[in-house]
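K.L.:
This structure is in structure tokens; I'll ask about it shortly.
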Amino acid sequence: MELRELDLNLLLVFNQLLIDRRVSTAADNLDLTQPAVSNALKRLRVALNDELFVRTYQGMEPTPYAQQLAEPVALAIQTLRDALNRQDTFNPLNCNRRFTMAMTDIGEIYFMPRLMDALAERAPGCSISTLRNTSDTLAEGLQNGAIDLAVGLLPHLQAGFFQQRLFHHRYVCMCRKDHPATRGPLTLERYCSYDHVRVVAANTGHGEVDTFLARAGIERNIRLEVPHFVAVGHILQRTDLMATVPERFASSCEQPFGLTVLPTPVELPNIEINLFWHARYNKDPANRWLRQLMFELFSD
């Protein structure tokens, strides 16, 4: 017979009769009346063209066909119960899972040390894999679960995505400690007179600063362009170049590279850094745990 022809609720009665072997006991355990269980058994007998159970002095004994059905029916019911009553909790101490997060190299510099320390303490079996926020594949990766979370300014992630703000990036100037810019207030005129390194980080939102400066008619002497931030500290340490960078990135470079952080001579727009995840995983226990950890560690 075709499965669509069978009322699957009847299989719950069948399985309970296999367990209890008495109509009255099965009815109690199913929270049904005895006539309801008897009627269900009658319908199942007609549908399957078999007596299924016969009365004996020991109770309702299954026929050979019922015994044949017993194991697969019980397994199917238990599988459905497990799926429908899945644990809505996540135990990080007992989990061995690799989380994938999309972020820029600034994100790796700023987030990863503290996040990995927290994982070592709270989820020692878990690991992290990072990749870049490329607009071509990011939305698809979040949707299909290949990427758990994305961090940054990502305005193209709209319908179907949740987001929550972590903090705002404020921009500062950065140069080596004995740079001429450190010998007095950094005026706009002096700022424009120095040579600059500019980071052209596609799909990250950091280009907003260049757009703002261009609209304000502020022209810098760009001597070097690089596609990422990770080399900026090394470059500034050994040159007379200056960089305009997010404050949190500057703080991570200041001491290791012997640099100085100066306020910008003009007020630049702040960049909002958000955490993104797809709606499909909004209630996923592991995804929710990682989000909460990120908020705890890094939110303003």
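As shown in the structure tokens, the chain order sets the letters A, B, ...; within each chain, residues go from 1, and ligands are also counted from 1 in the order they appear.
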Tell me, as a VMD selection string, which residues lie within 8 Å of Tyr191 (chain A), counting only C-alpha atoms; anything in the same chain fewer than 4 positions away does not count.
P.N.:
chain A and resid 181 186 to 187 220 265
K.L.:
Take the residues from that selection and put them in a file with N, CA, C and O atoms, as a short mmCIF file (atom, residue, chain, number, x, y, z; two decimals), in the first residue's frame.
P.N.:
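New file result.cif:
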data_model
loop_
_atom_site.label_atom_id
_atom_site.label_comp_id
_atom_site.auth_asym_id
_atom_site.auth_seq_id
_atom_site.Cartn_x
_atom_site.Cartn_y
_atom_site.Cartn_z
N ALA A 181 54.75 64.36 12.37
CA ALA A 181 53.39 64.72 12.79
C ALA A 181 53.23 64.77 14.29
O ALA A 181 52.28 65.38 14.80
N LEU A 186 48.10 68.12 15.08
CA LEU A 186 47.91 67.64 13.70
C LEU A 186 46.76 68.42 13.07
O LEU A 186 45.59 68.06 13.18
N THR A 187 47.11 69.49 12.38
CA THR A 187 46.10 70.29 11.69
C THR A 187 45.76 69.63 10.36
O THR A 187 46.47 68.73 9.89
N ARG A 220 44.62 63.74 0.18
CA ARG A 220 45.85 63.24 0.79
C ARG A 220 46.83 62.82 -0.30
O ARG A 220 46.41 62.47 -1.42
N PRO A 265 42.33 65.30 12.12
CA PRO A 265 42.09 66.76 12.14
C PRO A 265 40.68 67.14 11.75
O PRO A 265 40.28 68.29 11.93
#
K.L.:
If you run DSSP on the backbone here, which positions in region 87-179 of chain A get alpha helix (DSSP H)? Please write them as a list in words.
P.N.:
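Filtering region 87-179 of chain A to alpha helix (DSSP H) leaves Asp105, Ile106, Gly107, Glu108, Ile109, Tyr110, Phe111, Met112, Pro113, Arg114, Leu115, Met116, Asp117, Ala118, Leu119, Ala120, Glu121, Arg122, Ser135, Asp136, Thr137, Leu138, Ala139, Glu140, Gly141, Leu142, Gln143 and Asn144 of chain A.
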K.L.:
Write out as a list in words the residues lying within 10 Å of Asp300 (chain A), counting only C-alpha atoms and excluding same-chain residues fewer than 6 positions away.
P.N.:
Arg165, Leu166, Phe167 and His168 of chain A
K.L.:
Could you give me, as a list in words, the residues within 9 Å of Met242 (chain A), counting only C-alpha atoms and dropping anything in the same chain fewer than 2 positions from it?
P.N.:
Cys173, Met174, Cys175, Arg176, His179, Ala181, Tyr191, Tyr194, Asp195, His196, Val197, Arg198, Leu236, Thr239, Asp240 and Thr244 of chain A
K.L.:
Selection from above, all heavy atoms, as a CSV table (one decimal), in the first residue's frame, can you write it?
P.N.:
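Okay, this is what ended up in out_4.csv:
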chain,number,residue,atom,x,y,z
A,173,CYS,N,44.5,58.7,13.4
A,173,CYS,CA,45.7,58.6,12.6
A,173,CYS,C,46.8,57.9,13.3
A,173,CYS,O,46.8,57.9,14.6
A,173,CYS,CB,46.2,60.1,12.3
A,173,CYS,SG,45.0,61.1,11.3
A,174,MET,N,47.6,57.2,12.6
A,174,MET,CA,48.7,56.4,13.2
A,174,MET,C,50.0,56.6,12.4
A,174,MET,O,50.0,56.6,11.1
A,174,MET,CB,48.3,55.0,13.2
A,174,MET,CG,49.2,54.1,14.0
A,174,MET,SD,48.4,52.4,14.3
A,174,MET,CE,48.2,51.8,12.6
A,175,CYS,N,51.1,56.7,13.1
A,175,CYS,CA,52.4,56.9,12.5
A,175,CYS,C,53.5,56.4,13.5
A,175,CYS,O,53.2,56.1,14.6
A,175,CYS,CB,52.6,58.3,12.0
A,175,CYS,SG,52.5,59.5,13.4
A,176,ARG,N,54.7,56.4,13.0
A,176,ARG,CA,55.8,56.0,13.9
A,176,ARG,C,56.0,57.1,15.0
A,176,ARG,O,55.6,58.2,14.8
A,176,ARG,CB,57.1,55.7,13.2
A,176,ARG,CG,57.6,56.8,12.4
A,176,ARG,CD,58.9,56.4,11.7
A,176,ARG,NE,59.4,57.5,10.8
A,176,ARG,CZ,60.2,58.5,11.2
A,176,ARG,NH1,60.5,58.6,12.5
A,176,ARG,NH2,60.6,59.4,10.3
A,179,HIS,N,57.7,60.4,14.1
A,179,HIS,CA,57.2,61.0,12.9
A,179,HIS,C,57.1,62.5,13.1
A,179,HIS,O,56.7,63.0,14.2
A,179,HIS,CB,55.9,60.4,12.5
A,179,HIS,CG,55.4,60.7,11.1
A,179,HIS,ND1,54.8,61.9,10.8
A,179,HIS,CD2,55.4,60.0,10.0
A,179,HIS,CE1,54.5,62.0,9.5
A,179,HIS,NE2,54.8,60.8,9.0
A,181,ALA,N,54.7,64.4,12.4
A,181,ALA,CA,53.4,64.7,12.8
A,181,ALA,C,53.2,64.8,14.3
A,181,ALA,O,52.3,65.4,14.8
A,181,ALA,CB,52.4,63.7,12.2
A,191,TYR,N,48.2,67.4,8.0
A,191,TYR,CA,47.6,66.0,7.7
A,191,TYR,C,47.8,65.8,6.2
A,191,TYR,O,48.2,64.7,5.7
A,191,TYR,CB,46.2,65.9,8.2
A,191,TYR,CG,45.5,64.6,7.8
A,191,TYR,CD1,45.7,63.4,8.5
A,191,TYR,CD2,44.5,64.7,6.8
A,191,TYR,CE1,45.0,62.3,8.1
A,191,TYR,CE2,43.8,63.5,6.4
A,191,TYR,CZ,44.1,62.3,7.1
A,191,TYR,OH,43.4,61.2,6.7
A,194,TYR,N,51.5,65.3,4.6
A,194,TYR,CA,52.3,64.0,4.8
A,194,TYR,C,51.9,63.0,3.8
A,194,TYR,O,50.8,63.0,3.2
A,194,TYR,CB,52.1,63.5,6.2
A,194,TYR,CG,52.6,64.5,7.3
A,194,TYR,CD1,51.7,64.8,8.3
A,194,TYR,CD2,53.9,65.0,7.3
A,194,TYR,CE1,52.1,65.7,9.3
A,194,TYR,CE2,54.3,65.9,8.3
A,194,TYR,CZ,53.4,66.2,9.3
A,194,TYR,OH,53.8,67.1,10.2
A,195,ASP,N,52.8,62.0,3.6
A,195,ASP,CA,52.5,60.9,2.7
A,195,ASP,C,51.7,59.9,3.5
A,195,ASP,O,51.9,59.6,4.7
A,195,ASP,CB,53.8,60.3,2.2
A,195,ASP,CG,54.6,61.2,1.3
A,195,ASP,OD1,54.0,62.1,0.7
A,195,ASP,OD2,55.9,61.0,1.2
A,196,HIS,N,50.8,59.2,2.8
A,196,HIS,CA,49.8,58.3,3.4
A,196,HIS,C,49.9,56.9,2.8
A,196,HIS,O,50.1,56.8,1.6
A,196,HIS,CB,48.4,58.9,3.3
A,196,HIS,CG,48.2,60.1,4.2
A,196,HIS,ND1,47.4,60.1,5.3
A,196,HIS,CD2,48.6,61.4,4.0
A,196,HIS,CE1,47.4,61.3,5.8
A,196,HIS,NE2,48.1,62.1,5.0
A,197,VAL,N,49.6,55.9,3.6
A,197,VAL,CA,49.3,54.6,3.1
A,197,VAL,C,47.8,54.4,3.3
A,197,VAL,O,47.2,54.7,4.3
A,197,VAL,CB,50.0,53.5,3.8
A,197,VAL,CG1,49.8,53.6,5.3
A,197,VAL,CG2,49.6,52.1,3.3
A,198,ARG,N,47.1,53.9,2.2
A,198,ARG,CA,45.7,53.7,2.2
A,198,ARG,C,45.4,52.3,2.0
A,198,ARG,O,45.9,51.6,1.2
A,198,ARG,CB,45.0,54.5,1.1
A,198,ARG,CG,43.5,54.3,1.0
A,198,ARG,CD,42.8,55.3,0.1
A,198,ARG,NE,43.3,55.2,-1.3
A,198,ARG,CZ,43.0,56.1,-2.2
A,198,ARG,NH1,42.3,57.2,-1.9
A,198,ARG,NH2,43.4,55.9,-3.4
A,236,LEU,N,54.3,51.3,8.7
A,236,LEU,CA,54.5,52.6,9.4
A,236,LEU,C,55.7,52.6,10.3
A,236,LEU,O,56.3,53.6,10.5
A,236,LEU,CB,53.2,52.8,10.2
A,236,LEU,CG,51.9,53.0,9.5
A,236,LEU,CD1,50.8,53.3,10.5
A,236,LEU,CD2,52.0,54.1,8.5
A,239,THR,N,58.7,53.6,7.9
A,239,THR,CA,58.6,54.7,6.9
A,239,THR,C,58.1,56.0,7.6
A,239,THR,O,57.7,56.0,8.7
A,239,THR,CB,57.6,54.3,5.8
A,239,THR,OG1,56.3,54.2,6.3
A,239,THR,CG2,58.0,52.9,5.2
A,240,ASP,N,58.0,57.0,6.8
A,240,ASP,CA,57.4,58.3,7.2
A,240,ASP,C,55.9,58.4,6.7
A,240,ASP,O,55.3,59.4,6.7
A,240,ASP,CB,58.2,59.5,6.6
A,240,ASP,CG,59.3,59.8,7.5
A,240,ASP,OD1,59.3,59.4,8.7
A,240,ASP,OD2,60.3,60.4,7.0
A,244,THR,N,45.2,56.3,8.2
A,244,THR,CA,44.0,56.6,8.9
A,244,THR,C,43.2,55.3,9.1
A,244,THR,O,42.8,54.7,8.1
A,244,THR,CB,43.1,57.7,8.1
A,244,THR,OG1,43.9,58.8,7.9
A,244,THR,CG2,41.9,58.0,8.9
K.L.:
What's the 9 Å shell around Ser24 (chain A), counting only C-alpha atoms, without same-chain residues fewer than 6 positions away, as a list of chain:residue names?
P.N.:
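The filter keeps A:Thr33, A:Gln34, A:Val37.
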K.L.:
Could you check how far CA of Phe99 (chain A) sits from CA of Ser129 (chain A), in Å to one decimal?
P.N.:
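Interatomic distance here is 6.1 Å.
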K.L.:
Give me the residues of region 78-196 of chain A that have any atom at most 12 Å from an atom of region 227-230 of chain A; for each, the nearest atom pair and the distance in Å, rounded to one decimal. Use only C-alpha atoms, sort by chain and number, and format it as JSON lines.
P.N.:
{"residue": "A:Met103", "atom": "CA", "partner": "A:His228", "partner_atom": "CA", "distance": 11.8}
{"residue": "A:Thr104", "atom": "CA", "partner": "A:His228", "partner_atom": "CA", "distance": 8.1}
{"residue": "A:Asp105", "atom": "CA", "partner": "A:Val230", "partner_atom": "CA", "distance": 6.2}
{"residue": "A:Ile106", "atom": "CA", "partner": "A:Phe229", "partner_atom": "CA", "distance": 6.3}
{"residue": "A:Gly107", "atom": "CA", "partner": "A:Phe229", "partner_atom": "CA", "distance": 10.0}
{"residue": "A:Glu108", "atom": "CA", "partner": "A:Val230", "partner_atom": "CA", "distance": 9.3}
{"residue": "A:Ile109", "atom": "CA", "partner": "A:Val230", "partner_atom": "CA", "distance": 8.0}
{"residue": "A:Tyr110", "atom": "CA", "partner": "A:Val230", "partner_atom": "CA", "distance": 11.1}
{"residue": "A:Arg132", "atom": "CA", "partner": "A:His228", "partner_atom": "CA", "distance": 10.9}
K.L.:
As an MDAnalysis selection string, which residues of region 216-292 of chain A does DSSP assign to strand (DSSP E)?
P.N.:
chainID A and resid 221:226 243:246 259:263 271:278
K.L.:
Keeping N, CA and C atoms, export the residues of the selection given above as a PDB file, in the first residue's frame.
P.N.:
ATOM      1  N   ASN A 221      48.079  62.790   0.043  1.00  0.00           N
ATOM      2  CA  ASN A 221      49.104  62.304  -0.881  1.00  0.00           C
ATOM      3  C   ASN A 221      49.279  60.811  -0.642  1.00  0.00           C
ATOM      4  N   ILE A 222      48.553  60.019  -1.412  1.00  0.00           N
ATOM      5  CA  ILE A 222      48.578  58.563  -1.237  1.00  0.00           C
ATOM      6  C   ILE A 222      49.813  58.002  -1.941  1.00  0.00           C
ATOM      7  N   ARG A 223      50.793  57.567  -1.153  1.00  0.00           N
ATOM      8  CA  ARG A 223      52.017  57.022  -1.717  1.00  0.00           C
ATOM      9  C   ARG A 223      51.971  55.509  -1.839  1.00  0.00           C
ATOM     10  N   LEU A 224      51.086  54.884  -1.075  1.00  0.00           N
ATOM     11  CA  LEU A 224      51.024  53.424  -1.077  1.00  0.00           C
ATOM     12  C   LEU A 224      49.593  52.976  -0.830  1.00  0.00           C
ATOM     13  N   GLU A 225      49.140  52.010  -1.612  1.00  0.00           N
ATOM     14  CA  GLU A 225      47.847  51.360  -1.392  1.00  0.00           C
ATOM     15  C   GLU A 225      48.081  49.876  -1.167  1.00  0.00           C
ATOM     16  N   VAL A 226      47.404  49.326  -0.168  1.00  0.00           N
ATOM     17  CA  VAL A 226      47.488  47.895   0.120  1.00  0.00           C
ATOM     18  C   VAL A 226      46.070  47.350   0.258  1.00  0.00           C
ATOM     19  N   ALA A 243      48.761  56.607   8.378  1.00  0.00           N
ATOM     20  CA  ALA A 243      47.554  55.859   8.021  1.00  0.00           C
ATOM     21  C   ALA A 243      46.381  56.354   8.845  1.00  0.00           C
ATOM     22  N   THR A 244      45.212  56.339   8.246  1.00  0.00           N
ATOM     23  CA  THR A 244      43.962  56.641   8.943  1.00  0.00           C
ATOM     24  C   THR A 244      43.219  55.324   9.105  1.00  0.00           C
ATOM     25  N   VAL A 245      43.090  54.863  10.353  1.00  0.00           N
ATOM     26  CA  VAL A 245      42.642  53.493  10.616  1.00  0.00           C
ATOM     27  C   VAL A 245      41.644  53.473  11.767  1.00  0.00           C
ATOM     28  N   PRO A 246      40.891  52.388  11.923  1.00  0.00           N
ATOM     29  CA  PRO A 246      39.999  52.252  13.068  1.00  0.00           C
ATOM     30  C   PRO A 246      40.777  52.253  14.385  1.00  0.00           C
ATOM     31  N   LEU A 259      54.338  52.650  17.598  1.00  0.00           N
ATOM     32  CA  LEU A 259      53.637  53.678  16.845  1.00  0.00           C
ATOM     33  C   LEU A 259      52.955  54.671  17.770  1.00  0.00           C
ATOM     34  N   THR A 260      52.521  55.766  17.203  1.00  0.00           N
ATOM     35  CA  THR A 260      51.793  56.804  17.926  1.00  0.00           C
ATOM     36  C   THR A 260      50.415  56.986  17.294  1.00  0.00           C
ATOM     37  N   VAL A 261      49.425  57.150  18.126  1.00  0.00           N
ATOM     38  CA  VAL A 261      48.055  57.365  17.662  1.00  0.00           C
ATOM     39  C   VAL A 261      47.685  58.819  17.894  1.00  0.00           C
ATOM     40  N   LEU A 262      47.176  59.476  16.857  1.00  0.00           N
ATOM     41  CA  LEU A 262      46.810  60.891  16.910  1.00  0.00           C
ATOM     42  C   LEU A 262      45.345  61.065  16.489  1.00  0.00           C
ATOM     43  N   PRO A 263      44.671  62.049  17.035  1.00  0.00           N
ATOM     44  CA  PRO A 263      43.293  62.294  16.581  1.00  0.00           C
ATOM     45  C   PRO A 263      43.294  62.844  15.158  1.00  0.00           C
ATOM     46  N   ILE A 271      32.058  53.940  11.842  1.00  0.00           N
ATOM     47  CA  ILE A 271      31.611  52.763  11.097  1.00  0.00           C
ATOM     48  C   ILE A 271      30.984  51.784  12.082  1.00  0.00           C
ATOM     49  N   GLU A 272      29.768  51.358  11.789  1.00  0.00           N
ATOM     50  CA  GLU A 272      29.059  50.427  12.672  1.00  0.00           C
ATOM     51  C   GLU A 272      29.467  48.992  12.348  1.00  0.00           C
ATOM     52  N   ILE A 273      29.947  48.290  13.354  1.00  0.00           N
ATOM     53  CA  ILE A 273      30.346  46.896  13.189  1.00  0.00           C
ATOM     54  C   ILE A 273      29.257  46.008  13.780  1.00  0.00           C
ATOM     55  N   ASN A 274      28.675  45.189  12.933  1.00  0.00           N
ATOM     56  CA  ASN A 274      27.552  44.332  13.324  1.00  0.00           C
ATOM     57  C   ASN A 274      27.914  42.855  13.222  1.00  0.00           C
ATOM     58  N   LEU A 275      27.138  42.076  13.933  1.00  0.00           N
ATOM     59  CA  LEU A 275      27.217  40.618  13.841  1.00  0.00           C
ATOM     60  C   LEU A 275      26.010  40.149  13.039  1.00  0.00           C
ATOM     61  N   PHE A 276      26.246  39.315  12.025  1.00  0.00           N
ATOM     62  CA  PHE A 276      25.185  38.856  11.122  1.00  0.00           C
ATOM     63  C   PHE A 276      25.047  37.339  11.191  1.00  0.00           C
ATOM     64  N   TRP A 277      23.798  36.872  11.084  1.00  0.00           N
ATOM     65  CA  TRP A 277      23.534  35.443  10.959  1.00  0.00           C
ATOM     66  C   TRP A 277      22.236  35.264  10.191  1.00  0.00           C
ATOM     67  N   HIS A 278      22.079  34.089   9.588  1.00  0.00           N
ATOM     68  CA  HIS A 278      20.884  33.847   8.781  1.00  0.00           C
ATOM     69  C   HIS A 278      19.719  33.421   9.661  1.00  0.00           C
TER      70      HIS A 278
END
K.L.:
At a cut-off of 6 Å, using only C-alpha atoms, what residues contact region 46-59 of chain A? Leave out same-chain residues fewer than 3 positions from it and give the result as number ranges by chain.
P.N.:
A: 21-22, 43, 62-63, 66
K.L.:
Do a neighbour search on Leu10 (chain A) at 8 Å with only C-alpha atoms, toss out local chain neighbours closer than 6 positions, and write the hits as a PDB file with all heavy atoms, in the first residue's frame.
P.N.:
ATOM      1  N   ALA A  40      -9.158   2.273  16.444  1.00  0.00           N
ATOM      2  CA  ALA A  40      -7.913   2.462  15.698  1.00  0.00           C
ATOM      3  C   ALA A  40      -7.363   1.123  15.226  1.00  0.00           C
ATOM      4  O   ALA A  40      -6.887   0.995  14.084  1.00  0.00           O
ATOM      5  CB  ALA A  40      -6.893   3.196  16.565  1.00  0.00           C
ATOM      6  N   LEU A  41      -7.401   0.130  16.086  1.00  0.00           N
ATOM      7  CA  LEU A  41      -6.913  -1.196  15.707  1.00  0.00           C
ATOM      8  C   LEU A  41      -7.762  -1.786  14.591  1.00  0.00           C
ATOM      9  O   LEU A  41      -7.236  -2.404  13.648  1.00  0.00           O
ATOM     10  CB  LEU A  41      -6.931  -2.119  16.930  1.00  0.00           C
ATOM     11  CG  LEU A  41      -6.481  -3.559  16.680  1.00  0.00           C
ATOM     12  CD1 LEU A  41      -5.072  -3.603  16.091  1.00  0.00           C
ATOM     13  CD2 LEU A  41      -6.553  -4.374  17.979  1.00  0.00           C
ATOM     14  N   ARG A  43      -9.381  -0.112  12.252  1.00  0.00           N
ATOM     15  CA  ARG A  43      -9.022   0.590  11.010  1.00  0.00           C
ATOM     16  C   ARG A  43      -7.674   0.103  10.470  1.00  0.00           C
ATOM     17  O   ARG A  43      -7.486  -0.037   9.263  1.00  0.00           O
ATOM     18  CB  ARG A  43      -8.963   2.101  11.267  1.00  0.00           C
ATOM     19  CG  ARG A  43     -10.307   2.735  11.547  1.00  0.00           C
ATOM     20  CD  ARG A  43     -10.123   4.191  11.946  1.00  0.00           C
ATOM     21  NE  ARG A  43      -9.409   4.947  10.899  1.00  0.00           N
ATOM     22  CZ  ARG A  43      -8.823   6.115  11.106  1.00  0.00           C
ATOM     23  NH1 ARG A  43      -8.834   6.661  12.326  1.00  0.00           N
ATOM     24  NH2 ARG A  43      -8.200   6.736  10.117  1.00  0.00           N
ATOM     25  N   LEU A  44      -6.731  -0.137  11.372  1.00  0.00           N
ATOM     26  CA  LEU A  44      -5.408  -0.591  10.942  1.00  0.00           C
ATOM     27  C   LEU A  44      -5.484  -2.004  10.363  1.00  0.00           C
ATOM     28  O   LEU A  44      -4.782  -2.326   9.387  1.00  0.00           O
ATOM     29  CB  LEU A  44      -4.447  -0.529  12.128  1.00  0.00           C
ATOM     30  CG  LEU A  44      -2.945  -0.569  11.807  1.00  0.00           C
ATOM     31  CD1 LEU A  44      -2.557   0.567  10.869  1.00  0.00           C
ATOM     32  CD2 LEU A  44      -2.134  -0.483  13.100  1.00  0.00           C
TER      33      LEU A  44
END
K.L.:
Which is closest to Leu119 (chain A) among A:Glu296, A:Leu80, A:Leu290, A:Phe257, if we use only C-alpha atoms?
P.N.:
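That would be A:Leu290, the residue with the smallest distance to Leu119 (chain A).
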K.L.:
Using only C-alpha atoms, pick whichever of A:Glu71, A:Glu2, A:Glu267, A:Glu254 has the shortest atom-to-atom distance to Ala216 (chain A).
P.N.:
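Result for the nearest residue to Ala216 (chain A): A:Glu267.
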K.L.:
Restricting the calculation to only C-alpha atoms, which member of A:Arg98, A:His234, A:Lys42, A:Arg190 is positioned closest to Cys126 (chain A)?
P.N.:
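Under the stated criterion, the closest residue is A:Arg98.
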K.L.:
Please compute the CA of Ile235 (chain A)-CA of Val200 (chain A) distance, one decimal, in Å.
P.N.:
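For CA of Ile235 (chain A) relative to CA of Val200 (chain A), the distance reads 15.1 Å.
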K.L.:
Check the smallest atom-to-atom distance from each of A:Gly233, A:Gly258, A:Gly125, A:Pro285 to Arg97 (chain A) using only C-alpha atoms, then report the winner.
P.N.:
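Among A:Gly233, A:Gly258, A:Gly125, A:Pro285, it is A:Gly125 that comes nearest to Arg97 (chain A).
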